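A.B. asks: Quick one: structure below, then a few questions.
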Amino acid sequence: MICKRSFYKCFRNICEESIEFSPGINVIYGENAEGKTNAIEGIYLCSQGRSHRTLHEKDFIRFGSECASVGVVYSTSERSDVSLSIKYLQSGGKVCDKNRVPVNKMSEFIGNFRTVIFTPEHLQTVKSSPQFRRRFIDSAISQIYPAYVGALQRYARALMQRNKLLSLAKEKGISADPSIEVWSLSLAKEAAFITKTRDAYISKLSLIVTDIFKDMTGGREIPEVKYSGLMDEQGFERLFTSSVEREIRFGTTLFGPHKDDLTILLNSREAKNFASQGQQRSLALALKLSEGEISKKVSGEYPVFLLDDVLSELDSKRRDFIVSSVSSRQVIVTSCEQGAIPGAKMIFCKNGSYLY
């Protein structure tokens, strides 16, 4: 998969621009706050439908503008010049297109164009909160299994309705409305699918992480990634129906995939507690590279790798490893250094404009 071009209009600090990319390594360089990350963000939006930086879509719209749009033109081994675009409106809505034909469901938009993004925040994956690891795994799976996106959306809607009933019961000091059973059953169905999909993905991920980590460290240490949230639909039904009285006291759903975590081990010990900072960074690198490998196994092609200002956060050994690992794939890097990667296509960024 190759991103040939990205285009923007009234997006963040970008007035109207189009950036052409080579099929190899591309470096967008310039000073801080000039728009390098904005360019990466626009590309990522076309693969995930959401930002890695903010939940507030109005932030995308350039000051004084009515709307913002981003898009990409990409090719695969089977098709050339496929276009995807998203327009964000001041009203809060958005319009997605594929080859200028409207796409009404995000589950049909996500996964057409695939990326793996790596930012300085991802270096915290191993030792950060469970929410960060859930976001990592959900984003990775969503791009290769469209049905997973729909399940997450249905789960989120059922969870919101169930939480409203629990909160209301807590506030009024009463039993939950009988309709909570309907939402519990709906939640159980989606939870079973989500955890089964996560478990299968993590099993594959763990094997690849082990191989990559061996290459990175010379085989001295053995990592492992585990997921313990797996439960069948009947198990979730029992869990959700039996915990209502306790959950009323808290006013929220206490159990389910939205509370799950990954366990990342190094030499059979939890990496977040016992691994050094360097080991944690190596594990984070291995996780993101493994995400790309699974994407290739499923689709037959590597995704586009987006490295957003991450090289400056790594020591020379890890920087060299990640560059060599993705050297045969398309990579789009942001950096303050013009010579960050010798031989790369250089794209100069200044105040939302991009020059070659």
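In the structure tokens, chains take the letters A, B, ... in the order shown, each chain's residues start at 1, and ligands count up from 1 in the order shown.
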With a distance cut-off of 10 Å and only C-alpha atoms, select the neighbouring residues of Asn267 (chain A), excluding the residue or stretch itself and same-chain residues fewer than 2 positions from it, and output the selection as an NGL selection string.

C.D. replies: :A and (220-224 or 265 or 269-271 or 274-275)

A.B. asks: So, with only C-alpha atoms as the atoms that count, which of A:Pro257, A:Pro120, A:Gly71, A:Gly35 lies closest to Asp309 (chain A)?

C.D. replies: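 Distance minimum relative to Asp309 (chain A) lands on A:Pro120.
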
A.B. asks: Which value, in Å to one decimal, gives the distance between CA of Lys259 (chain A) and CA of Leu166 (chain A)?

C.D. replies: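 CA of Leu166 (chain A) lies 16.8 Å from CA of Lys259 (chain A).
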
A.B. asks: Can you measure CA of Arg238 (chain A) to CA of Glu171 (chain A) for me? One decimal in Å is fine.

C.D. replies: 24.9 Å

A.B. asks: Tell me, as number ranges by chain, which residues lie within 8 Å of Lys272 (chain A), counting only C-alpha atoms; anything in the same chain fewer than 5 positions away does not count.

C.D. replies: A: 126-128, 264, 280

A.B. asks: Taking the chain letters and numbering used in this document, name the residues of region 42-198 of chain A that DSSP puts in strand (DSSP E), as a PDB file with C-alpha atoms, in the first residue's frame.

C.D. replies:
ATOM      1  CA  CYS A  67     -15.356  23.428   7.314  1.00  0.00           C
ATOM      2  CA  ALA A  68     -12.128  21.472   6.959  1.00  0.00           C
ATOM      3  CA  SER A  69     -11.249  18.605   4.643  1.00  0.00           C
ATOM      4  CA  VAL A  70      -8.441  16.057   4.412  1.00  0.00           C
ATOM      5  CA  GLY A  71      -7.843  13.248   1.988  1.00  0.00           C
ATOM      6  CA  VAL A  72      -5.413  10.798   0.450  1.00  0.00           C
ATOM      7  CA  VAL A  73      -4.847   9.196  -2.916  1.00  0.00           C
ATOM      8  CA  TYR A  74      -3.329   5.732  -2.507  1.00  0.00           C
ATOM      9  CA  SER A  75      -2.615   2.569  -4.462  1.00  0.00           C
ATOM     10  CA  VAL A  82      -8.066   5.275  -4.888  1.00  0.00           C
ATOM     11  CA  SER A  83      -9.164   8.454  -3.121  1.00  0.00           C
ATOM     12  CA  LEU A  84     -10.556   8.884   0.386  1.00  0.00           C
ATOM     13  CA  SER A  85     -11.601  12.151   1.981  1.00  0.00           C
ATOM     14  CA  ILE A  86     -13.309  13.486   5.096  1.00  0.00           C
ATOM     15  CA  LYS A  87     -14.997  16.876   5.448  1.00  0.00           C
ATOM     16  CA  TYR A  88     -15.592  18.248   8.950  1.00  0.00           C
ATOM     17  CA  LEU A  89     -18.391  20.781   9.455  1.00  0.00           C
ATOM     18  CA  LYS A  94     -18.666  15.029   8.912  1.00  0.00           C
ATOM     19  CA  VAL A  95     -18.912  13.623   5.404  1.00  0.00           C
ATOM     20  CA  CYS A  96     -16.754  10.710   4.208  1.00  0.00           C
ATOM     21  CA  ASP A  97     -16.138   9.875   0.545  1.00  0.00           C
ATOM     22  CA  LYS A  98     -14.439   7.073  -1.352  1.00  0.00           C
ATOM     23  CA  VAL A 101     -18.946   8.506  -3.523  1.00  0.00           C
ATOM     24  CA  PRO A 102     -20.366   9.109  -0.009  1.00  0.00           C
ATOM     25  CA  VAL A 103     -19.612   6.459   2.620  1.00  0.00           C
ATOM     26  CA  THR A 115      -1.484   2.952   8.483  1.00  0.00           C
ATOM     27  CA  VAL A 116       0.621   2.233  11.537  1.00  0.00           C
ATOM     28  CA  ILE A 117       1.303   5.407  13.495  1.00  0.00           C
ATOM     29  CA  PHE A 118       4.085   5.766  16.045  1.00  0.00           C
TER      30      PHE A 118
END

A.B. asks: In terms of the shortest atom-to-atom distance over only C-alpha atoms, which of A:Ile14, A:Val27, A:Ile144, A:Ile2 is closest to Gln48 (chain A)?

C.D. replies: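 When distances to Gln48 (chain A) are compared using only C-alpha atoms, the smallest one comes from A:Ile144.
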
A.B. asks: Hey, can you check how far CA of Cys46 (chain A) sits from CA of Leu262 (chain A)?

C.D. replies: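 For CA of Cys46 (chain A) relative to CA of Leu262 (chain A), the distance reads 26.9 Å.
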
A.B. asks: Find the residues around region 230-235 of chain A up to 7 Å (only C-alpha atoms counted), leave out those fewer than 4 positions away in its own chain, and share them as a PyMOL selection string.

C.D. replies: chain A and resi 188-189+192+195-196+199+239

A.B. asks: Considering only C-alpha atoms, state which residue in the set A:Ile61, A:Lys164, A:Leu285, A:Gln330 is at the smallest distance from Thr210 (chain A).

C.D. replies: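 Between A:Ile61, A:Lys164, A:Leu285, A:Gln330, the residue approaching Thr210 (chain A) most closely is A:Leu285.
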
A.B. asks: Just checking: using only C-alpha atoms, which residue out of A:Tyr148, A:Ala286, A:Lys4, A:Lys105 ends up closest to Val209 (chain A)?

C.D. replies: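 Looking at the shortest contact to Val209 (chain A), the residue is A:Ala286.
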
A.B. asks: Please provide as a list of chain:residue names all residues within 12 Å of Ser299 (chain A), with the sequence filter that same-chain residues fewer than 2 positions apart are discarded (counting only C-alpha atoms).

C.D. replies: A:Met1, A:Thr76, A:Ser77, A:Glu78, A:Gly111, A:Asn112, A:Phe113, A:Arg114, A:Gln143, A:Ile144, A:Tyr145, A:Gly292, A:Glu293, A:Ile294, A:Ser295, A:Lys296, A:Lys297, A:Glu301, A:Tyr302, A:Pro303
